>>> print(open('data29.cif').read())   # mmCIF, C-alpha atoms
data_query
#
loop_
_atom_site.label_atom_id
_atom_site.label_comp_id
_atom_site.auth_asym_id
_atom_site.auth_seq_id
_atom_site.Cartn_x
_atom_site.Cartn_y
_atom_site.Cartn_z
CA MET A 620 123.42 117.91 163.59
CA LYS A 621 122.34 119.21 160.19
CA GLY A 622 118.96 117.51 160.34
CA ASP A 623 118.47 117.56 164.11
CA ARG A 624 115.40 119.69 164.57
CA LYS A 625 115.80 120.07 168.32
CA PHE A 626 119.33 121.34 167.90
CA GLN A 627 118.10 123.80 165.30
CA GLN A 628 115.43 125.04 167.63
CA VAL A 629 118.01 125.64 170.34
CA LEU A 630 120.07 127.71 167.93
CA TYR A 631 116.97 129.61 166.87
CA ASN A 632 116.05 130.45 170.44
CA GLN A 633 119.58 131.65 171.12
CA PHE A 634 120.06 133.92 168.09
CA ALA A 635 116.57 134.86 166.93
CA GLY A 636 116.38 138.10 168.96
CA LYS A 637 119.71 139.47 167.80
CA MET A 638 119.19 138.41 164.22
CA PHE A 639 115.71 139.84 164.08
CA SER A 640 117.15 143.16 165.21
CA VAL A 641 119.62 142.99 162.32
CA CYS A 642 116.81 142.16 159.92
CA LEU A 643 114.77 145.10 161.15
CA ARG A 644 117.66 147.47 160.45
CA TYR A 645 118.12 146.22 156.92
CA ALA A 646 114.41 145.99 156.15
CA ASN A 647 112.13 148.92 155.56
CA GLU A 648 109.16 147.34 157.36
CA TYR A 649 108.28 144.69 159.88
CA ASN A 650 106.95 142.05 157.45
CA SER A 651 110.05 142.28 155.27
CA ALA A 652 112.18 141.75 158.38
CA GLN A 653 110.23 138.57 159.15
CA ASP A 654 110.94 137.27 155.67
CA LEU A 655 114.62 138.05 156.08
CA LEU A 656 114.69 136.28 159.44
CA GLN A 657 113.11 133.11 158.03
CA GLU A 658 115.32 133.07 154.97
CA GLY A 659 118.43 133.69 157.06
CA PHE A 660 117.76 130.86 159.49
CA VAL A 661 117.06 128.42 156.68
CA LYS A 662 120.44 129.30 155.18
CA VAL A 663 122.13 128.84 158.54
CA PHE A 664 120.67 125.37 159.03
CA LYS A 665 121.44 124.33 155.47
CA ASN A 666 125.07 125.46 155.63
CA ILE A 667 125.85 124.74 159.24
CA ASP A 668 128.27 121.95 158.26
CA LYS A 669 130.41 124.54 156.45
CA PHE A 670 131.21 126.37 159.68
CA ARG A 671 134.98 125.94 160.28
CA SER A 672 135.05 127.07 163.92
CA GLU A 673 137.63 129.69 162.95
CA GLY A 674 135.68 132.49 164.57
CA ALA A 675 132.67 133.10 166.71
CA PHE A 676 129.59 131.23 165.67
CA GLU A 677 127.48 134.30 166.27
CA GLY A 678 129.60 136.33 163.87
CA TRP A 679 129.20 133.59 161.23
CA VAL A 680 125.43 133.59 161.69
CA ARG A 681 125.30 137.39 161.62
CA ARG A 682 127.25 137.48 158.36
CA ILE A 683 124.77 135.08 156.78
CA PHE A 684 121.91 137.36 157.75
CA VAL A 685 123.69 140.46 156.45
CA ASN A 686 124.44 138.77 153.14
CA THR A 687 120.84 137.65 152.92
CA ALA A 688 119.67 141.22 153.40
CA ILE A 689 122.13 142.56 150.85
CA GLU A 690 121.02 139.97 148.28
CA HIS A 691 117.40 140.83 148.98
CA TYR A 692 117.76 144.55 148.46
CA ARG A 693 120.51 144.62 145.84
CA LYS A 694 117.95 143.77 143.20
CA HIS A 695 115.96 146.88 143.97
CA VAL A 696 118.83 149.26 144.73
CA ASN A 697 120.45 151.29 141.98
CA LEU A 698 123.20 153.18 143.78
CA TYR A 699 125.11 156.00 142.19
CA ALA A 700 127.73 158.48 143.35
CA LEU A 701 126.36 161.70 144.78
CA HIS A 702 127.53 165.17 143.95
CA ASP A 703 129.92 166.87 146.36
CA SER A 704 127.27 169.47 147.24
CA GLU A 705 125.13 166.68 148.70
CA ILE A 706 127.92 165.32 150.91
CA ARG A 707 127.79 167.48 153.96
CA THR A 708 127.00 167.16 157.65
CA TYR A 709 123.90 168.56 159.28
CA GLU A 710 125.15 171.71 160.96
CA TYR A 711 122.36 171.91 163.60
CA TYR A 712 122.96 168.43 165.00
CA GLU A 713 123.67 168.41 168.73
CA GLU A 714 126.33 165.98 169.88
CA ASN A 715 124.36 164.46 172.76
CA ALA A 716 121.06 164.25 170.89
CA LEU A 717 121.18 160.43 170.66
CA GLU A 718 121.12 159.99 174.41
CA THR A 719 117.56 161.31 174.57
CA LEU A 720 116.28 158.82 171.98
CA LYS A 721 115.23 155.21 172.47
CA HIS A 722 116.27 152.19 170.38
CA GLU A 723 112.93 151.94 168.68
CA ASP A 724 113.00 155.61 167.66
CA ILE A 725 116.40 155.31 166.04
CA LEU A 726 115.34 152.07 164.36
CA LYS A 727 112.29 153.74 162.84
CA MET A 728 114.45 156.60 161.52
CA ILE A 729 116.85 154.12 159.91
CA GLN A 730 113.96 152.26 158.30
CA THR A 731 112.74 155.50 156.72
CA LEU A 732 115.99 155.81 154.78
CA SER A 733 116.07 154.59 151.24
CA ASP A 734 117.40 151.08 150.62
CA GLY A 735 120.83 152.20 149.43
CA TYR A 736 121.43 154.66 152.23
CA ARG A 737 120.18 152.29 154.85
CA THR A 738 122.25 149.36 153.64
CA VAL A 739 125.51 151.31 153.39
CA PHE A 740 124.90 152.98 156.76
CA ASN A 741 124.25 149.62 158.42
CA LEU A 742 127.27 148.00 156.83
CA TYR A 743 129.67 150.81 157.67
CA VAL A 744 128.43 152.14 161.03
CA ILE A 745 126.96 149.06 162.72
CA GLU A 746 128.67 146.10 161.05
CA GLY A 747 132.04 147.80 160.75
CA TYR A 748 132.86 147.09 157.09
CA SER A 749 135.18 149.40 155.19
CA HIS A 750 134.10 151.26 152.07
CA LYS A 751 136.15 148.90 149.94
CA GLU A 752 134.42 145.87 151.42
CA ILE A 753 131.04 147.53 151.03
CA GLY A 754 131.85 148.33 147.41
CA ASP A 755 132.81 144.69 146.78
CA MET A 756 129.74 143.36 148.51
CA MET A 757 127.28 145.65 146.78
CA GLY A 758 129.06 146.00 143.49
CA ILE A 759 129.71 149.74 143.79
CA SER A 760 132.80 151.92 144.04
CA GLU A 761 134.32 153.19 147.26
CA GLY A 762 133.34 156.73 146.38
CA THR A 763 129.76 155.77 145.92
CA SER A 764 129.81 154.00 149.26
CA LYS A 765 131.28 157.08 150.94
CA SER A 766 128.78 159.45 149.40
CA GLN A 767 125.88 157.14 150.23
CA LEU A 768 127.06 156.92 153.80
CA ALA A 769 127.50 160.65 154.15
CA ARG A 770 124.04 161.25 152.77
CA ALA A 771 122.54 158.67 155.12
CA ARG A 772 124.31 160.23 158.08
CA TYR A 773 123.11 163.71 157.13
CA LEU A 774 119.50 162.55 156.87
CA LEU A 775 119.64 160.74 160.18
CA GLN A 776 121.13 163.70 162.01
CA LYS A 777 118.48 165.91 160.49
CA MET A 778 115.70 163.54 161.55
CA ILE A 779 117.13 163.25 165.03
CA THR A 780 117.47 167.02 165.38
CA GLU A 781 114.00 167.68 163.99
CA GLY A 782 112.55 165.01 166.19
CA ILE A 783 114.11 166.44 169.31
CA ASP A 784 112.93 169.93 168.39
CA ARG A 785 109.40 168.63 167.80
CA ASP A 786 109.42 166.90 171.17
CA ARG A 787 110.64 170.06 172.84
CA ARG A 788 107.91 172.13 171.21
CA THR A 789 105.23 169.70 172.26
CA SER A 790 106.54 169.57 175.80
CA THR A 791 106.64 173.40 176.11
CA ALA A 792 103.17 173.64 174.62
CA ASN A 793 101.87 171.22 177.23
CA MET B 1110 134.04 167.71 162.63
CA GLU B 1111 135.31 164.18 162.10
CA GLN B 1112 135.18 163.60 165.80
CA ASN B 1113 131.49 164.55 165.83
CA ILE B 1114 130.84 162.08 163.04
CA LYS B 1115 132.69 159.29 164.88
CA ASN B 1116 130.75 160.04 168.04
CA PHE B 1117 127.50 159.93 166.14
CA ASP B 1118 128.36 156.58 164.53
CA ARG B 1119 129.46 155.08 167.81
CA GLY B 1120 126.28 156.28 169.53
CA VAL B 1121 124.03 154.71 166.86
CA GLU B 1122 125.98 151.46 166.96
CA GLN B 1123 125.62 151.19 170.71
CA LYS B 1124 121.91 151.90 170.56
CA MET B 1125 121.36 149.26 167.88
CA ASN B 1126 123.49 146.51 169.44
CA GLU B 1127 122.30 147.00 172.99
CA HIS B 1128 118.78 145.84 172.33
CA GLU B 1129 117.32 142.66 171.01
CA VAL B 1130 113.96 142.47 169.37
CA ALA B 1131 111.83 139.45 170.12
CA PRO B 1132 111.03 137.47 166.98
CA PRO B 1133 107.40 137.22 165.94
CA PHE B 1134 105.34 134.37 167.35
CA GLY B 1135 105.25 131.30 165.13
CA MET B 1136 108.44 132.14 163.30
CA TRP B 1137 110.05 128.85 164.34
CA ASN B 1138 107.10 126.91 162.96
CA ARG B 1139 107.50 128.65 159.63
CA ILE B 1140 111.22 127.89 159.54
CA SER B 1141 110.66 124.29 160.60
CA ALA B 1142 107.97 123.81 157.99
CA GLU B 1143 110.26 125.15 155.30
CA LEU B 1144 113.05 122.85 156.45
CA ASP B 1145 110.66 119.89 156.37
CA ALA B 1146 109.54 120.78 152.88
CA MET B 1147 113.06 120.94 151.48
CA PRO B 1148 114.03 117.22 151.77
CA VAL B 1149 110.64 116.24 150.38
CA ALA B 1150 111.23 118.42 147.36
CA ALA B 1151 114.64 116.88 146.88
CA ALA B 1152 113.19 113.41 147.26
CA THR B 1153 110.42 114.10 144.79
CA ALA B 1154 112.77 115.64 142.28
CA ALA B 1155 115.06 112.63 142.21
CA PRO B 1156 112.50 110.02 141.04
CA VAL B 1157 111.53 112.25 138.11
CA ALA B 1158 114.90 111.58 136.56
CA THR B 1159 114.71 107.84 137.19
CA ALA B 1160 111.00 107.51 136.40
CA LEU B 1161 111.78 106.46 132.83
CA ILE B 1162 112.90 103.02 134.07
CA PRO B 1163 111.02 101.84 137.15
CA LYS B 1164 112.94 100.18 139.91
CA ARG B 1165 111.18 96.86 139.52
CA ALA B 1166 111.85 96.86 135.81
CA MET B 1167 115.51 97.48 136.46
CA VAL B 1168 115.63 94.59 138.91
CA GLY B 1169 113.87 92.34 136.40
CA ILE B 1170 116.23 93.28 133.62
CA ILE B 1171 119.23 92.60 135.78
CA ALA B 1172 117.81 89.24 136.91
CA ALA B 1173 117.02 88.22 133.33
CA ALA B 1174 120.49 89.14 132.22
CA LEU B 1175 121.98 87.08 135.01
CA ILE B 1176 119.82 84.06 134.16
CA MET B 1177 120.68 84.28 130.46
CA GLY B 1178 124.34 84.63 131.21
CA THR B 1179 124.31 81.66 133.54
CA THR B 1180 122.44 79.53 130.99
CA ILE B 1181 124.83 80.38 128.19
CA LEU B 1182 127.83 79.75 130.37
CA THR B 1183 126.46 76.41 131.57
CA GLY B 1184 125.67 75.31 128.03
CA TYR B 1185 129.11 76.28 126.87
CA LEU B 1186 130.77 74.38 129.69
CA VAL B 1187 128.66 71.26 129.12
CA ASN B 1188 129.29 71.34 125.38
CA SER B 1189 132.99 71.78 125.82
CA SER B 1190 133.15 68.89 128.31
CA LEU B 1191 131.28 66.59 125.90
CA ASN B 1192 133.63 67.46 123.09
CA THR B 1193 136.57 66.73 125.33
CA ASP B 1194 135.16 63.29 126.19
CA LYS B 1195 134.59 62.50 122.54
CA ALA B 1196 138.09 63.50 121.67
CA ASN B 1197 139.49 61.36 124.45
CA THR B 1198 137.53 58.28 123.40
CA ASN B 1199 138.57 58.70 119.80
CA ILE B 1200 142.18 58.95 120.77
CA ALA B 1201 141.96 55.96 123.09
CA VAL B 1202 140.24 53.50 120.79
CA SER B 1203 140.83 53.96 117.15
CA PRO B 1204 144.49 54.20 116.32
CA LYS B 1205 145.81 51.61 118.73
CA THR B 1206 144.40 48.45 117.22
CA VAL B 1207 146.93 45.92 116.16
CA ASN B 1208 146.44 43.74 113.18
CA VAL B 1209 147.48 40.13 113.45
CA THR B 1210 148.67 40.05 109.88
CA ASN B 1211 151.47 42.39 110.81
CA ILE B 1212 153.16 39.64 112.76
CA PRO B 1213 156.16 38.47 110.85
CA GLN B 1214 156.17 35.06 109.35
CA GLN B 1215 157.55 32.27 111.37
CA THR B 1216 159.41 29.60 109.55
CA ALA B 1217 160.63 27.70 112.58
CA PRO B 1218 159.50 24.07 112.86
CA VAL B 1219 156.51 23.48 115.06
CA LYS B 1220 155.61 20.15 116.49
CA SER B 1221 152.19 18.89 115.84
CA ASP B 1222 151.30 18.32 119.48
CA GLU B 1223 152.30 21.75 120.62
CA ALA B 1224 149.73 24.39 120.26
CA SER B 1225 151.19 27.16 118.27
CA PRO B 1226 148.43 29.56 117.56
CA MET B 1227 150.62 31.69 115.43
CA HIS B 1228 150.62 29.03 112.75
CA ILE B 1229 146.99 28.12 112.83
CA ALA B 1230 144.54 30.13 110.96
CA MET B 1231 140.96 30.05 112.10
CA VAL B 1232 139.25 28.82 109.04
CA LYS B 1233 135.61 28.14 109.33
CA PRO B 1234 133.95 25.65 107.06
CA ALA B 1235 132.64 27.21 103.97
CA VAL B 1236 129.20 26.06 103.01
CA LYS B 1237 128.30 26.08 99.42
CA HIS B 1238 124.84 25.56 98.22
CA HIS B 1239 124.22 23.77 94.95
CA PRO B 1240 120.49 23.68 94.45
CA ALA B 1241 120.83 22.79 90.80
CA SER B 1242 122.58 19.46 91.42
CA ASN B 1243 120.25 18.07 94.08
CA PRO B 1244 117.47 20.30 95.30
CA LEU B 1245 116.41 17.79 97.97
CA GLN B 1246 119.82 17.74 99.63
CA SER B 1247 119.94 19.90 102.71
CA THR B 1248 122.61 22.41 103.42
CA MET B 1249 123.67 20.42 106.48
CA GLN B 1250 124.51 17.49 104.32
CA LEU B 1251 126.36 19.77 102.06
CA ALA B 1252 128.30 21.08 104.99
CA GLN B 1253 129.46 17.56 105.82
CA GLN B 1254 130.74 17.10 102.34
CA VAL B 1255 132.90 20.14 102.57
CA GLN B 1256 136.30 19.29 103.98
CA PRO B 1257 137.67 21.82 106.44
CA THR B 1258 141.02 23.17 105.62
CA VAL B 1259 142.26 23.28 109.14
CA ASN B 1260 144.88 20.77 110.27
CA GLN B 1261 145.50 19.57 106.81
CA PRO B 1262 149.07 19.08 105.87
CA VAL B 1263 150.39 22.00 104.09
CA THR B 1264 153.19 21.69 101.75
CA THR B 1265 155.83 24.21 102.24
CA ASN B 1266 156.19 26.74 99.56
CA PRO B 1267 159.55 26.21 97.98
CA ALA B 1268 159.90 29.90 97.41
CA LEU B 1269 159.65 30.59 101.12
CA SER B 1270 161.70 27.67 102.33
CA ASN B 1271 165.30 27.95 103.28
CA GLY B 1272 167.91 25.58 104.54
CA ASN B 1273 166.01 24.73 107.69
CA ASN B 1274 162.96 23.62 105.81
CA SER B 1275 164.64 20.53 104.58
CA LEU B 1276 165.34 19.60 108.16
CA ILE B 1277 161.76 20.29 109.03
CA ASN B 1278 160.52 18.07 106.31
CA SER B 1279 162.83 15.27 107.32
CA ASN B 1280 161.79 15.46 110.95
CA ALA B 1281 158.16 15.94 110.25
CA ASN B 1282 155.82 13.32 111.52
CA THR B 1283 153.87 11.99 108.63
CA ASP B 1284 151.20 10.36 110.78
CA VAL B 1285 149.97 13.60 112.28
CA PRO B 1286 149.97 16.28 109.70
CA THR B 1287 150.91 19.58 111.13
CA PRO B 1288 150.11 22.72 109.28
CA ILE B 1289 153.25 24.58 108.66
CA GLU B 1290 151.83 27.53 106.95
CA PRO B 1291 152.52 31.19 106.99
CA ILE B 1292 149.44 32.87 108.27
CA ALA B 1293 149.35 35.44 105.58
CA GLN B 1294 149.24 32.87 102.82
CA ASN B 1295 146.00 31.35 103.93
CA ALA B 1296 142.95 32.49 102.11
CA GLU B 1297 140.74 33.28 105.06
CA THR B 1298 142.27 35.07 107.99
CA THR B 1299 140.58 36.83 110.80
CA THR B 1300 141.50 40.23 112.14
CA TYR B 1301 141.41 40.33 115.85
CA TYR B 1302 140.86 43.32 118.00
CA PHE B 1303 143.28 44.11 120.74
CA PRO B 1304 142.51 46.42 123.61
CA PRO B 1305 143.93 49.92 123.36
CA ILE B 1306 147.46 50.45 124.45
CA ASP B 1307 147.98 52.78 127.33
CA VAL B 1308 150.43 55.30 126.03
CA ASN B 1309 150.81 56.94 129.40
CA THR B 1310 152.21 53.85 131.05
CA PRO B 1311 156.00 53.54 130.86
CA GLU B 1312 157.44 50.95 128.53
CA LYS B 1313 158.87 48.90 131.35
CA ALA B 1314 155.55 48.61 133.05
CA LYS B 1315 153.88 47.28 129.97
CA THR B 1316 153.29 43.56 129.78
CA GLU B 1317 152.93 42.03 126.44
CA THR B 1318 149.68 40.27 126.08
CA GLU B 1319 149.77 37.54 123.61
CA PRO B 1320 146.69 36.65 121.68
CA THR B 1321 145.03 33.56 122.92
CA PHE B 1322 143.51 31.26 120.42
CA THR B 1323 141.67 28.11 121.02
CA ILE B 1324 143.07 25.32 119.03
CA ARG B 1325 140.41 23.57 117.24
CA LYS B 1326 141.37 20.17 116.17
CA ALA B 1327 139.99 18.49 113.16
CA SER B 1328 137.78 16.17 115.12
CA VAL B 1329 136.12 18.99 117.00
CA ILE B 1330 135.62 21.00 113.89
CA ASN B 1331 134.08 18.09 112.09
CA ALA B 1332 131.72 17.44 114.96
CA THR B 1333 130.75 21.04 115.04
CA ALA B 1334 130.17 21.11 111.34
CA SER B 1335 127.94 18.03 111.48
CA ASN B 1336 125.86 18.99 114.52
CA ASN B 1337 125.33 22.68 114.19
CA LYS B 1338 123.01 24.35 111.92
CA GLU B 1339 124.18 25.65 108.71
CA GLU B 1340 125.82 28.99 108.90
CA SER B 1341 126.57 31.46 106.27
CA PHE B 1342 129.93 33.14 106.54
CA GLY B 1343 129.84 34.95 103.26
CA PRO B 1344 129.43 38.62 102.78
CA PRO B 1345 126.07 40.16 103.76
CA SER B 1346 124.93 40.31 100.18
CA GLU B 1347 125.09 36.54 99.90
CA ARG B 1348 123.23 35.74 103.10
CA LYS B 1349 119.72 34.54 103.05
CA PHE B 1350 116.92 36.64 104.33
CA HIS B 1351 114.95 34.94 107.07
CA PRO B 1352 111.84 36.87 108.02
CA ARG B 1353 111.18 36.68 111.69
CA LEU B 1354 107.95 34.96 112.54
CA HIS B 1355 106.27 35.68 115.80
CA GLY B 1356 104.57 32.49 116.85
CA LYS B 1357 102.23 31.22 114.18
CA LYS B 1358 101.44 34.59 112.83
CA LYS B 1359 102.34 35.27 109.32
CA PHE B 1360 104.90 37.91 108.85
CA THR B 1361 103.48 41.11 107.45
CA TYR B 1362 105.15 44.24 106.44
CA GLY B 1363 102.45 46.31 107.97
CA SER B 1364 99.00 47.31 106.94
CA ILE B 1365 98.09 50.39 105.09
CA ILE B 1366 95.57 52.48 106.93
CA ARG B 1367 93.07 53.99 104.59
#
>>> encode(input="data29.cif", output="structure tokens")
Amino acid sequence: MKGDRKFQQVLYNQFAGKMFSVCLRYANEYNSAQDLLQEGFVKVFKNIDKFRSEGAFEGWVRRIFVNTAIEHYRKHVNLYALHDSEIRTYEYYEENALETLKHEDILKMIQTLSDGYRTVFNLYVIEGYSHKEIGDMMGISEGTSKSQLARARYLLQKMITEGIDRDRRTSTAN
Amino acid sequence: MEQNIKNFDRGVEQKMNEHEVAPPFGMWNRISAELDAMPVAAATAAPVATALIPKRAMVGIIAAALIMGTTILTGYLVNSSLNTDKANTNIAVSPKTVNVTNIPQQTAPVKSDEASPMHIAMVKPAVKHHPASNPLQSTMQLAQQVQPTVNQPVTTNPALSNGNNSLINSNANTDVPTPIEPIAQNAETTTYYFPPIDVNTPEKAKTETEPTFTIRKASVINATASNNKEESFGPPSERKFHPRLHGKKKFTYGSIIR
């Protein structure tokens, strides 16, 4: 099974779409996401005999891709705890603003975040890790993870709100 | 406030997990090519470590070692078996010879007609050459002059005789002299070789083999001494040297090649 190329191709066809979406969230551009996808699948096929069938196979594969992304960007990320004045929510954010946006628009906004903000936001909001787990995975404290997440959330809400306002202005102008 | 944050997080999560993004075209070929390249790299890295000793050389060394070991072992086994055979033959032959002179003396009377080899010593006629007295006399004639000592009446040694000897002497037939002589007192005795005794055979199974001697009477011995050629029974230093002649050729000790 480890060296069966047809079996590997079946697995690739089944999980490539979902995993490439994960890679796009953790990467800051399309080409970097491709590199993450290739590296992640190679790791999956190399370590597929270590899968213990204790959980879902998709979750195991997804964790490999997340760890690959963290390893890739941890070299370039120097995270530090933010000041309390920077940890705040965007007061003009409308609660139902997300419903007007598409998947690709939100993905582009996430990719514009810095590596540290983006990684912590992905790990906490989308993957569901706690701040302690994120601190252990990235080698930072829980406070740093919380402040990074709050800053990432603030920037996203601001981008979403500004984007909606821009769209409204363009639509009224037309 | 916190509820707004939770709603925002849940909304983003749903948007991200709802959609899949199609992977770029040719991504599987890239992954497959990388997977194909990995075993090759592992296979090429392994021979680097073992390149110091090629595989054929290793096989040759092992084969040579096996051949040498087999040769040494075979030689050792053959040598040990030869030594064992030598030791067995030495044990079987040498120490088991019996000397006739060890037989105790018999002083019982022996009739002249009965062949009693224990009392007859094989004495061969001694030939003495006296060239100074008559150089033209042949050694055969000299041999006839010599009287054999066999079957001559032997007077009993008074020191060895006991009470029975007087009876022997009274009953002795004077017409046919019978040698009544201890074998050890004769001048010339012969040591006979007996076959080796089997020490492994039980004592009961052993059968005593008596030495068989041919009784040579005086008449036969005289005829033999007169008809046969002269023989030298002395030690090797006293024997004559007779160079062997091949046909009519003169004997040579070899020619020196110059």
>>> resolve_selection(input="data29.cif", expression="the PyMOL selection byres ((chain B and resi 1131) around 8)", output="ChimeraX atom specification")
/A:635-636,639 /B:1129-1130,1132-1133
>>> resolve_selection(input="data29.cif", expression="the PyMOL selection byres ((chain A and resi 628-634) around 12)", output="ChimeraX atom specification")
/A:620-627,635-641,656-657,659-661,663-664,667,676-681,684 /B:1129-1141,1144
>>> resolve_selection(input="data29.cif", expression="the PyMOL selection byres ((chain A and resi 761) around 12)", output="PDB file with C-alpha atoms, in the coordinates of the input")
ATOM      1  CA  LEU A 698     123.200 153.180 143.780  1.00  0.00           C
ATOM      2  CA  TYR A 699     125.110 156.000 142.190  1.00  0.00           C
ATOM      3  CA  ALA A 700     127.730 158.480 143.350  1.00  0.00           C
ATOM      4  CA  LEU A 701     126.360 161.700 144.780  1.00  0.00           C
ATOM      5  CA  VAL A 739     125.510 151.310 153.390  1.00  0.00           C
ATOM      6  CA  TYR A 743     129.670 150.810 157.670  1.00  0.00           C
ATOM      7  CA  TYR A 748     132.860 147.090 157.090  1.00  0.00           C
ATOM      8  CA  SER A 749     135.180 149.400 155.190  1.00  0.00           C
ATOM      9  CA  HIS A 750     134.100 151.260 152.070  1.00  0.00           C
ATOM     10  CA  LYS A 751     136.150 148.900 149.940  1.00  0.00           C
ATOM     11  CA  GLU A 752     134.420 145.870 151.420  1.00  0.00           C
ATOM     12  CA  ILE A 753     131.040 147.530 151.030  1.00  0.00           C
ATOM     13  CA  GLY A 754     131.850 148.330 147.410  1.00  0.00           C
ATOM     14  CA  ASP A 755     132.810 144.690 146.780  1.00  0.00           C
ATOM     15  CA  MET A 756     129.740 143.360 148.510  1.00  0.00           C
ATOM     16  CA  MET A 757     127.280 145.650 146.780  1.00  0.00           C
ATOM     17  CA  GLY A 758     129.060 146.000 143.490  1.00  0.00           C
ATOM     18  CA  ILE A 759     129.710 149.740 143.790  1.00  0.00           C
ATOM     19  CA  SER A 760     132.800 151.920 144.040  1.00  0.00           C
ATOM     20  CA  GLY A 762     133.340 156.730 146.380  1.00  0.00           C
ATOM     21  CA  THR A 763     129.760 155.770 145.920  1.00  0.00           C
ATOM     22  CA  SER A 764     129.810 154.000 149.260  1.00  0.00           C
ATOM     23  CA  LYS A 765     131.280 157.080 150.940  1.00  0.00           C
ATOM     24  CA  SER A 766     128.780 159.450 149.400  1.00  0.00           C
ATOM     25  CA  GLN A 767     125.880 157.140 150.230  1.00  0.00           C
ATOM     26  CA  LEU A 768     127.060 156.920 153.800  1.00  0.00           C
TER      27      LEU A 768
END
>>> closest_residue(input="data29.cif", among="A:Arg682, A:Arg693, A:Arg671, A:Arg772", to="chain B", atoms="all atoms listed in the file")
A:Arg772
>>> closest_residue(input="data29.cif", among="A:Ile689, A:Val744, A:Met728, A:Ala769", to="chain B", atoms="only C-alpha atoms")
A:Val744
>>> closest_residue(input="data29.cif", among="A:Thr719, A:Ser790, A:Gln653, A:Thr780", to="chain B", atoms="all atoms listed in the file")
A:Gln653
>>> residues_near_point(input="data29.cif", point="(114.7, 139.5, 157.2)", cutoff="6 Å", atoms="all atoms listed in the file", output="short mmCIF file (atom, residue, chain, number, x, y, z; two decimals) with C-alpha atoms, in the coordinates of the input")
data_model
loop_
_atom_site.label_atom_id
_atom_site.label_comp_id
_atom_site.auth_asym_id
_atom_site.auth_seq_id
_atom_site.Cartn_x
_atom_site.Cartn_y
_atom_site.Cartn_z
CA CYS A 642 116.81 142.16 159.92
CA SER A 651 110.05 142.28 155.27
CA ALA A 652 112.18 141.75 158.38
CA GLN A 653 110.23 138.57 159.15
CA ASP A 654 110.94 137.27 155.67
CA LEU A 655 114.62 138.05 156.08
CA LEU A 656 114.69 136.28 159.44
#
>>> closest_residue(input="data29.cif", among="B:Met1167, B:Gln1112, B:Leu1175, B:Lys1124", to="chain A", atoms="all atoms listed in the file")
B:Lys1124
>>> atom_distance(input="data29.cif", atom1="CA of Lys777 in chain A", atom2="CA of Glu1127 in chain B")
23.0 Å
>>> closest_residue(input="data29.cif", among="A:Arg737, A:Lys662, A:His691, A:His722", to="chain B", atoms="all atoms listed in the file")
A:His722
>>> closest_residue(input="data29.cif", among="A:Ala792, A:Leu717, A:Ala646, A:Ala675", to="chain B", atoms="all atoms listed in the file")
A:Leu717
>>> residues_around(input="data29.cif", residues="Ile745 in chain A", least_positions_apart="2", cutoff="9 Å", atoms="all atoms listed in the file", output="PDB file with C-alpha atoms, in the coordinates of the input")
ATOM      1  CA  PHE A 740     124.900 152.980 156.760  1.00  0.00           C
ATOM      2  CA  ASN A 741     124.250 149.620 158.420  1.00  0.00           C
ATOM      3  CA  LEU A 742     127.270 148.000 156.830  1.00  0.00           C
ATOM      4  CA  TYR A 743     129.670 150.810 157.670  1.00  0.00           C
ATOM      5  CA  GLY A 747     132.040 147.800 160.750  1.00  0.00           C
ATOM      6  CA  TYR A 748     132.860 147.090 157.090  1.00  0.00           C
TER       7      TYR A 748
ATOM      8  CA  ASP B1118     128.360 156.580 164.530  1.00  0.00           C
ATOM      9  CA  ARG B1119     129.460 155.080 167.810  1.00  0.00           C
ATOM     10  CA  VAL B1121     124.030 154.710 166.860  1.00  0.00           C
ATOM     11  CA  GLU B1122     125.980 151.460 166.960  1.00  0.00           C
ATOM     12  CA  GLN B1123     125.620 151.190 170.710  1.00  0.00           C
ATOM     13  CA  MET B1125     121.360 149.260 167.880  1.00  0.00           C
ATOM     14  CA  ASN B1126     123.490 146.510 169.440  1.00  0.00           C
TER      15      ASN B1126
END
